[in-house]
Structure formats: C-alpha cells, structure tokens
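Listing of data-v9.cif; format and content: mmCIF, C-alpha atoms.
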data_data
loop_
_atom_site.label_atom_id
_atom_site.label_comp_id
_atom_site.auth_asym_id
_atom_site.auth_seq_id
_atom_site.Cartn_x
_atom_site.Cartn_y
_atom_site.Cartn_z
CA PRO A 1 73.74 44.32 -24.46
CA GLY A 2 74.87 47.29 -26.44
CA LYS A 3 72.76 46.34 -29.46
CA SER A 4 70.38 48.89 -30.88
CA SER A 5 66.64 48.23 -30.98
CA LYS A 6 66.94 48.11 -34.76
CA THR A 7 69.37 45.19 -34.45
CA ARG A 8 67.07 43.32 -32.09
CA ARG A 9 64.04 43.45 -34.36
CA THR A 10 62.81 40.27 -35.94
CA ARG A 11 64.36 39.76 -39.36
CA PHE A 12 62.17 38.06 -41.92
CA SER A 13 63.95 35.85 -44.45
CA PHE A 14 61.06 34.06 -46.08
CA ARG A 15 61.67 31.06 -48.28
CA MET A 16 60.63 31.31 -51.89
CA VAL A 17 57.22 29.75 -51.42
CA LYS A 18 53.80 31.10 -52.27
CA TYR A 19 51.03 31.94 -49.83
CA SER A 20 47.32 32.00 -50.69
CA ILE A 21 45.01 34.11 -48.54
CA ILE A 22 41.38 32.98 -48.61
CA LEU A 23 38.81 35.67 -47.81
CA PRO A 24 35.19 34.46 -47.56
CA THR A 25 32.87 37.45 -48.06
CA TYR A 26 29.22 38.32 -47.75
CA ASN A 27 28.19 41.98 -47.80
CA GLU A 28 31.72 43.32 -47.27
CA ARG A 29 31.61 46.16 -49.81
CA ASP A 30 32.91 48.70 -47.28
CA ASN A 31 35.73 46.47 -46.03
CA ILE A 32 37.07 44.43 -48.94
CA GLY A 33 39.00 47.27 -50.58
CA LEU A 34 40.74 48.20 -47.34
CA ILE A 35 41.71 44.67 -46.38
CA VAL A 36 43.08 43.85 -49.84
CA CYS A 37 45.03 47.11 -49.90
CA LEU A 38 46.54 46.30 -46.49
CA LEU A 39 47.39 42.76 -47.60
CA VAL A 40 49.13 43.97 -50.74
CA ARG A 41 51.08 46.67 -48.95
CA THR A 42 52.11 44.53 -45.97
CA LEU A 43 53.14 41.41 -47.89
CA THR A 44 54.79 43.28 -50.74
CA GLN A 45 56.95 45.17 -48.25
CA LYS A 46 58.03 41.83 -46.74
CA HIS A 47 58.72 40.37 -50.20
CA VAL A 48 56.16 37.60 -49.73
CA ASP A 49 54.86 35.84 -52.85
CA PHE A 50 51.09 35.74 -52.43
CA GLU A 51 47.62 35.78 -53.94
CA VAL A 52 44.26 36.77 -52.44
CA VAL A 53 41.47 34.31 -53.22
CA ILE A 54 38.08 35.87 -52.48
CA VAL A 55 35.06 33.59 -52.16
CA ASP A 56 31.96 35.77 -52.34
CA ASP A 57 28.53 34.29 -51.67
CA ASN A 58 26.59 36.47 -54.10
CA SER A 59 26.62 39.55 -51.84
CA PRO A 60 23.68 41.84 -52.69
CA ASP A 61 25.56 44.98 -51.57
CA GLY A 62 27.92 45.10 -54.57
CA THR A 63 30.95 43.47 -52.96
CA GLN A 64 31.86 41.81 -56.26
CA ASP A 65 31.87 45.18 -58.05
CA ILE A 66 34.57 46.36 -55.65
CA ILE A 67 36.52 43.12 -56.09
CA ARG A 68 36.55 43.57 -59.86
CA LYS A 69 37.94 47.07 -59.42
CA LEU A 70 40.65 45.60 -57.18
CA GLN A 71 41.47 43.12 -59.95
CA GLN A 72 41.88 46.02 -62.35
CA ALA A 73 44.24 47.72 -59.89
CA TYR A 74 46.33 44.74 -58.77
CA GLY A 75 45.79 42.16 -61.52
CA GLU A 76 43.65 39.03 -61.67
CA ALA A 77 46.63 36.87 -60.74
CA ARG A 78 46.98 38.78 -57.45
CA VAL A 79 43.28 39.15 -56.63
CA VAL A 80 41.30 36.04 -57.55
CA LEU A 81 37.48 36.15 -57.42
CA ARG A 82 35.69 32.84 -57.09
CA ALA A 83 32.00 33.63 -56.54
CA ARG A 84 29.25 31.27 -55.43
CA PRO A 85 25.49 31.51 -56.03
CA GLY A 86 24.53 32.14 -52.39
CA LYS A 87 25.39 31.69 -48.70
CA LEU A 88 26.61 28.13 -48.41
CA GLY A 89 28.61 28.14 -45.17
CA LEU A 90 32.14 28.90 -44.01
CA GLY A 91 33.55 25.40 -44.36
CA THR A 92 32.39 25.03 -47.94
CA ALA A 93 33.77 28.51 -48.69
CA TYR A 94 37.23 27.30 -47.70
CA MET A 95 36.76 24.13 -49.75
CA HIS A 96 35.77 26.23 -52.75
CA GLY A 97 38.67 28.63 -52.26
CA LEU A 98 41.17 25.81 -51.82
CA LYS A 99 40.39 24.50 -55.29
CA HIS A 100 41.69 27.76 -56.70
CA CYS A 101 44.74 28.30 -54.44
CA SER A 102 48.15 27.97 -56.09
CA GLY A 103 50.20 28.54 -52.92
CA GLU A 104 51.99 25.95 -50.81
CA PHE A 105 50.57 27.58 -47.69
CA VAL A 106 47.10 28.99 -47.09
CA VAL A 107 46.09 31.79 -44.73
CA ILE A 108 42.47 32.06 -43.60
CA MET A 109 41.25 35.31 -42.11
CA ASP A 110 38.19 37.55 -41.87
CA ALA A 111 37.55 40.16 -44.54
CA ASP A 112 35.98 42.69 -42.14
CA LEU A 113 39.28 44.19 -40.85
CA SER A 114 39.05 42.22 -37.59
CA HIS A 115 42.41 40.64 -38.47
CA HIS A 116 45.29 42.90 -39.44
CA PRO A 117 47.58 41.55 -42.19
CA LYS A 118 50.64 42.69 -40.22
CA ALA A 119 50.34 39.44 -38.24
CA ILE A 120 50.86 37.29 -41.34
CA PRO A 121 54.65 37.84 -41.58
CA GLU A 122 54.86 36.87 -37.88
CA MET A 123 52.89 33.70 -38.62
CA ILE A 124 55.15 32.85 -41.54
CA ALA A 125 58.26 33.40 -39.43
CA GLN A 126 56.83 31.25 -36.61
CA GLN A 127 56.02 28.48 -39.06
CA GLU A 128 59.58 28.58 -40.38
CA ARG A 129 61.06 28.46 -36.87
CA ASP A 130 58.89 25.54 -35.71
CA ASN A 131 58.36 23.84 -39.08
CA SER A 132 54.76 23.54 -37.94
CA ASP A 133 51.77 22.40 -39.96
CA ILE A 134 49.48 25.11 -38.57
CA VAL A 135 50.04 28.53 -37.02
CA THR A 136 46.98 29.89 -35.27
CA GLY A 137 46.52 33.45 -34.11
CA THR A 138 45.54 33.67 -30.46
CA ARG A 139 43.76 36.49 -28.61
CA TYR A 140 44.44 34.90 -25.25
CA SER A 141 48.17 34.27 -25.08
CA SER A 142 50.32 35.16 -22.09
CA ARG A 143 52.72 36.68 -24.64
CA GLY A 144 50.17 39.20 -25.91
CA GLY A 145 47.10 39.43 -28.09
CA GLY A 146 43.69 40.77 -27.18
CA VAL A 147 40.35 42.11 -28.30
CA HIS A 148 39.31 45.69 -29.04
CA GLY A 149 35.82 47.05 -29.64
CA TRP A 150 33.76 44.31 -28.00
CA ASP A 151 31.25 45.01 -25.26
CA LEU A 152 31.28 42.97 -22.06
CA ARG A 153 28.67 40.51 -23.36
CA ARG A 154 30.71 39.67 -26.45
CA LYS A 155 33.92 39.30 -24.44
CA LEU A 156 32.23 36.98 -21.97
CA THR A 157 30.70 34.95 -24.78
CA SER A 158 34.12 34.41 -26.37
CA ARG A 159 35.83 33.62 -23.08
CA VAL A 160 33.14 31.17 -21.98
CA ALA A 161 33.13 29.51 -25.42
CA ASN A 162 36.89 29.00 -25.24
CA TYR A 163 36.75 27.84 -21.62
CA LEU A 164 34.07 25.26 -22.33
CA ALA A 165 35.91 23.99 -25.40
CA SER A 166 39.25 23.82 -23.59
CA THR A 167 37.70 21.98 -20.64
CA LEU A 168 35.72 19.46 -22.67
CA LEU A 169 38.04 18.92 -25.64
CA ARG A 170 41.52 19.76 -24.31
CA PRO A 171 42.86 20.97 -27.67
CA GLY A 172 46.21 22.26 -26.39
CA VAL A 173 45.79 25.78 -27.82
CA SER A 174 44.76 28.96 -26.04
CA ASP A 175 42.23 30.23 -28.59
CA LEU A 176 40.12 27.49 -30.09
CA THR A 177 37.53 29.71 -31.77
CA GLY A 178 39.91 32.10 -33.55
CA SER A 179 39.68 32.32 -37.34
CA PHE A 180 43.08 33.77 -38.25
CA ARG A 181 45.37 30.89 -39.18
CA LEU A 182 48.11 29.69 -41.53
CA TYR A 183 48.06 26.12 -42.84
CA ARG A 184 50.18 23.96 -45.05
CA LYS A 185 47.86 23.51 -48.01
CA PRO A 186 47.73 19.67 -47.86
CA VAL A 187 46.96 19.91 -44.13
CA LEU A 188 44.06 22.28 -44.69
CA GLU A 189 42.74 20.07 -47.50
CA THR A 190 42.81 17.07 -45.15
CA LEU A 191 41.06 18.90 -42.31
CA VAL A 192 38.39 20.47 -44.49
CA SER A 193 37.58 17.07 -46.01
CA GLN A 194 37.08 15.64 -42.51
CA ALA A 195 35.12 18.52 -40.97
CA VAL A 196 31.37 18.20 -40.58
CA SER A 197 30.61 21.43 -38.71
CA LYS A 198 29.31 24.72 -40.05
CA GLY A 199 29.49 28.31 -38.82
CA TYR A 200 31.58 29.20 -35.78
CA VAL A 201 31.99 25.57 -34.72
CA PHE A 202 34.00 24.95 -37.88
CA GLN A 203 37.14 26.70 -36.56
CA MET A 204 37.01 24.69 -33.36
CA GLU A 205 36.63 21.41 -35.21
CA MET A 206 39.62 22.20 -37.42
CA ILE A 207 41.94 22.28 -34.39
CA ILE A 208 40.44 19.13 -32.88
CA ARG A 209 40.85 17.28 -36.18
CA ALA A 210 44.39 18.59 -36.44
CA ARG A 211 45.23 17.04 -33.07
CA GLN A 212 43.64 13.76 -34.15
CA ASN A 213 45.86 13.76 -37.23
CA SER A 214 48.95 14.63 -35.14
CA PHE A 215 49.54 17.86 -37.05
CA SER A 216 51.83 20.28 -35.25
CA ILE A 217 50.38 23.64 -34.15
CA SER A 218 52.15 26.87 -33.19
CA GLU A 219 50.59 30.06 -31.83
CA VAL A 220 51.16 33.75 -32.52
CA PRO A 221 49.52 36.50 -30.43
CA VAL A 222 47.06 38.61 -32.47
CA THR A 223 44.75 41.48 -31.69
CA PHE A 224 41.17 41.15 -32.82
CA VAL A 225 39.42 44.42 -33.66
CA ASP A 226 35.64 44.48 -33.93
CA ARG A 227 34.33 45.43 -37.36
CA VAL A 228 33.85 49.14 -38.11
CA TYR A 229 31.65 48.69 -41.18
CA GLY A 230 28.78 46.25 -41.48
CA SER A 231 27.07 44.16 -38.86
CA SER A 232 28.35 41.19 -36.91
CA LYS A 233 27.13 37.79 -38.07
CA LEU A 234 27.17 36.40 -34.51
CA GLY A 235 23.68 35.96 -33.08
CA GLY A 236 21.64 33.70 -30.86
CA SER A 237 21.36 30.97 -33.49
CA GLU A 238 25.14 30.94 -33.94
CA ILE A 239 25.69 30.63 -30.17
CA LEU A 240 23.18 27.77 -29.94
CA GLY A 241 24.83 26.11 -32.92
CA TYR A 242 28.22 26.43 -31.22
CA LEU A 243 26.97 24.70 -28.06
CA LYS A 244 25.44 21.88 -30.10
CA GLY A 245 28.65 21.52 -32.07
CA LEU A 246 30.74 21.50 -28.90
CA LEU A 247 28.70 18.65 -27.45
CA TYR A 248 28.88 16.78 -30.75
CA MET A 249 32.68 17.08 -30.77
CA PHE A 250 32.86 16.00 -27.12
CA PHE A 251 30.91 12.80 -27.72
CA THR A 252 32.38 11.88 -31.10
CA THR A 253 36.10 12.78 -30.91
#

What would the structure in this file look like if it were written as structure tokens?
Amino acid sequence: PGKSSKTRRTRFSFRMVKYSIILPTYNERDNIGLIVCLLVRTLTQKHVDFEVVIVDDNSPDGTQDIIRKLQQAYGEARVVLRARPGKLGLGTAYMHGLKHCSGEFVVIMDADLSHHPKAIPEMIAQQERDNSDIVTGTRYSSRGGGVHGWDLRRKLTSRVANYLASTLLRPGVSDLTGSFRLYRKPVLETLVSQAVSKGYVFQMEMIIRARQNSFSISEVPVTFVDRVYGSSKLGGSEILGYLKGLLYMFFTT
C-alpha cells in the first residue's frame, strides 16, 4: 500500500555469470538480424553477460551472410557462428552449439521471432529465485502466456499434443512442447546426451529425461508469436513423427 508502480516492479540483480543463447537456423535470413538485435538490446540493458551461438545448417538463402555482418557489428565474441554442412536435426544442433558455449547457463529459443528476448531476464530471475536446473517458457500457464498468429487448426494441434503428452507421460509442466528454455549447461549436456528423439519430439523428451534425472524445473509464462517471415517447418510428417515419439516415450520411460 502506498508504493508506486515503479517500486513494485521486478528488480533484476543478476549474478555475474554468463549466458549462452543457442539459435539453430535454416533459411532465417529475414529474421536473424532482428532477433540478434533484440537479444543484444534486451540483455545489454539488463547488464547480462551473454553470447549468441548460431548453428546454421548451410541455409541456401544467405542466412550466413547476414550472420557475418552481425559479427562485424557486434563482434565475433558476442555473435558466434558455428555452421554445419546441412540439415542434421534439432537435437544435434544443440549438441553442436553446446560444444562452443562458454556460458554457465544456456538458453534455447527459436530464431524466427516466435520467442521475444524480453522473457529471458524473467527466466534468469526465476532461476535465481528457485535455484532451478531448468526454466521453461509456458504458453499455457494460469499466470499468463499465450499464442498469437495461429489459426484454429494450429492451436488445436498444439493443445491436443500437450494434452496427450500430459495424460500419457505426466511430466509436471504445463507446456511440454515449448522450445523456449533456460538450462544449467551441465544439465543440458546430460539431457542432450540421453535424448534419442528428433524434430518436435525432442523438446518433449528433454523434459521427460529431466524428470527421470530429478532435475528441478520452473515455469515462466511466455507469449508465442507466429513467424512473420519465412514458412513454418511444421507439417504432416512432423505431426506423425510427434505421435510416434510420444508412444515411444510412453512405452520406454
């Protein structure tokens, strides 16, 4: 009572640790400059020590040309390019990126502007409060979060996917298929080494493996915004792969 709204705002007092943000990319020429600019501006304003590790799978649209220009603007220590010869899968992209991360914590997120960097300081603060091993962004929290830009089919697909996973696997989180997360680096290294899934199932398996390893998980509400530039990589084969992966996890974990 009596306190101004300015006084009530969350105060960030981040420890002097480094955070590595891994961005897997394929044909993200129109998005990569914007997301890196937002990351630099947001995290610099919050005095976060960070690097952006970009794993590009030989994008034919010139994504790497834009990344090199970003390196010229921000420095190669801030923007790290670690290219691969072709599309080799999301899980292996994280494994490749992890080898080149110098931070104690690692943030994974999409490079297509679906995830806004403004949520990262909230994730860091939540991790500090809970001393958790993982902080996962959730679109389906009672405290907030949501999705913008999806049609009814895409919303139903996501909801049904999460419902099926929650019912069969009981992971204890509200958004099992989200891909915006903060990990302690050793935790992510452990989970990636144990994961066998590819594509969209990979994110689900990471949480299930985390529970098996008794890693602690916190949640932060996030808003997912559908990509403006480029095309979605979610199709019928990805949905079928998710269902197969879900059944595999049900019978083997």

Leaving out region 16-28 of chain A and any residue of its chain fewer than 6 positions from it, which residues lie within 8 Å of it when counting all atoms listed in the file, given as an NGL selection string? :A and (48-63 or 87 or 90 or 93-94 or 97-98 or 101-112 or 230)

Using only C-alpha atoms, find each residue in region 74-176 of chain A having at least one atom no more than 9 Å away from region 239-247 of chain A; report its shortest atom-to-atom pair and that distance in Å (one decimal), rows by chain then rising number, as a Markdown table.
| residue | atom | partner | partner_atom | distance |
| --- | --- | --- | --- | --- |
| A:Thr157 | CA | A:Ile239 | CA | 8.5 |
| A:Ala161 | CA | A:Tyr242 | CA | 8.2 |
| A:Leu164 | CA | A:Leu246 | CA | 8.3 |
| A:Ala165 | CA | A:Leu246 | CA | 6.7 |
| A:Leu168 | CA | A:Leu246 | CA | 8.2 |
| A:Leu169 | CA | A:Leu246 | CA | 8.4 |

For Arg41 (chain A), which residue out of A:Ala83, A:Glu76, A:His116, A:Ile207 is the nearest one, using only C-alpha atoms? A:His116

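CA of His115 (chain A) is found 9.0 Å from CA of Asp226 (chain A).
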
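Ranking A:Leu191, A:Arg143, A:Leu176, A:Ile120 by their shortest atom-to-atom distance to Ser158 (chain A), with all atoms listed in the file included, puts A:Leu176 first.
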
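CA of Val201 (chain A) lies 9.4 Å from CA of Met249 (chain A).
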
Write out as a PyMOL selection string the residues lying within 10 Å of Ala210 (chain A), counting only C-alpha atoms and excluding same-chain residues fewer than 6 positions away. chain A and resi 133-134+171+187-188+190-191+194+216-217

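Comparing the minimum interatomic distances between Asp130 (chain A) and each of A:Asp175, A:Glu219, A:Glu189, A:Asp30, counting all atoms listed in the file, we find that A:Glu219 sits nearest.
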
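Minimum distance to Met204 (chain A) across A:Val225, A:Leu156, A:Leu38, A:Val173 (counting all atoms listed in the file) occurs at A:Val173.
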
List, as a short mmCIF file (atom, residue, chain, number, x, y, z; two decimals) with C-alpha atoms, in the coordinates of the input, every residue that the PyMOL selection byres ((chain A and resi 203) around 10) selects in the file provided.
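And here is the file that came out, part_13.cif:
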data_model
loop_
_atom_site.label_atom_id
_atom_site.label_comp_id
_atom_site.auth_asym_id
_atom_site.auth_seq_id
_atom_site.Cartn_x
_atom_site.Cartn_y
_atom_site.Cartn_z
CA LEU A 90 32.14 28.90 -44.01
CA GLY A 91 33.55 25.40 -44.36
CA LEU A 176 40.12 27.49 -30.09
CA THR A 177 37.53 29.71 -31.77
CA GLY A 178 39.91 32.10 -33.55
CA SER A 179 39.68 32.32 -37.34
CA PHE A 180 43.08 33.77 -38.25
CA ARG A 181 45.37 30.89 -39.18
CA ALA A 195 35.12 18.52 -40.97
CA SER A 197 30.61 21.43 -38.71
CA LYS A 198 29.31 24.72 -40.05
CA GLY A 199 29.49 28.31 -38.82
CA TYR A 200 31.58 29.20 -35.78
CA VAL A 201 31.99 25.57 -34.72
CA PHE A 202 34.00 24.95 -37.88
CA MET A 204 37.01 24.69 -33.36
CA GLU A 205 36.63 21.41 -35.21
CA MET A 206 39.62 22.20 -37.42
CA ILE A 207 41.94 22.28 -34.39
CA ILE A 208 40.44 19.13 -32.88
#

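The coordinates place CA of Glu122 (chain A) at 13.4 Å from CA of Gln45 (chain A).
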
Where does the PyMOL selection byres ((chain A and resi 67) around 10) land in this file, that is, which residues does it pick, as a list of chain:residue names? A:Arg29, A:Ile32, A:Gly33, A:Val36, A:Ile54, A:Asp56, A:Gly62, A:Thr63, A:Gln64, A:Asp65, A:Ile66, A:Arg68, A:Lys69, A:Leu70, A:Gln71, A:Gln72, A:Ala73, A:Glu76, A:Val79, A:Val80, A:Leu81
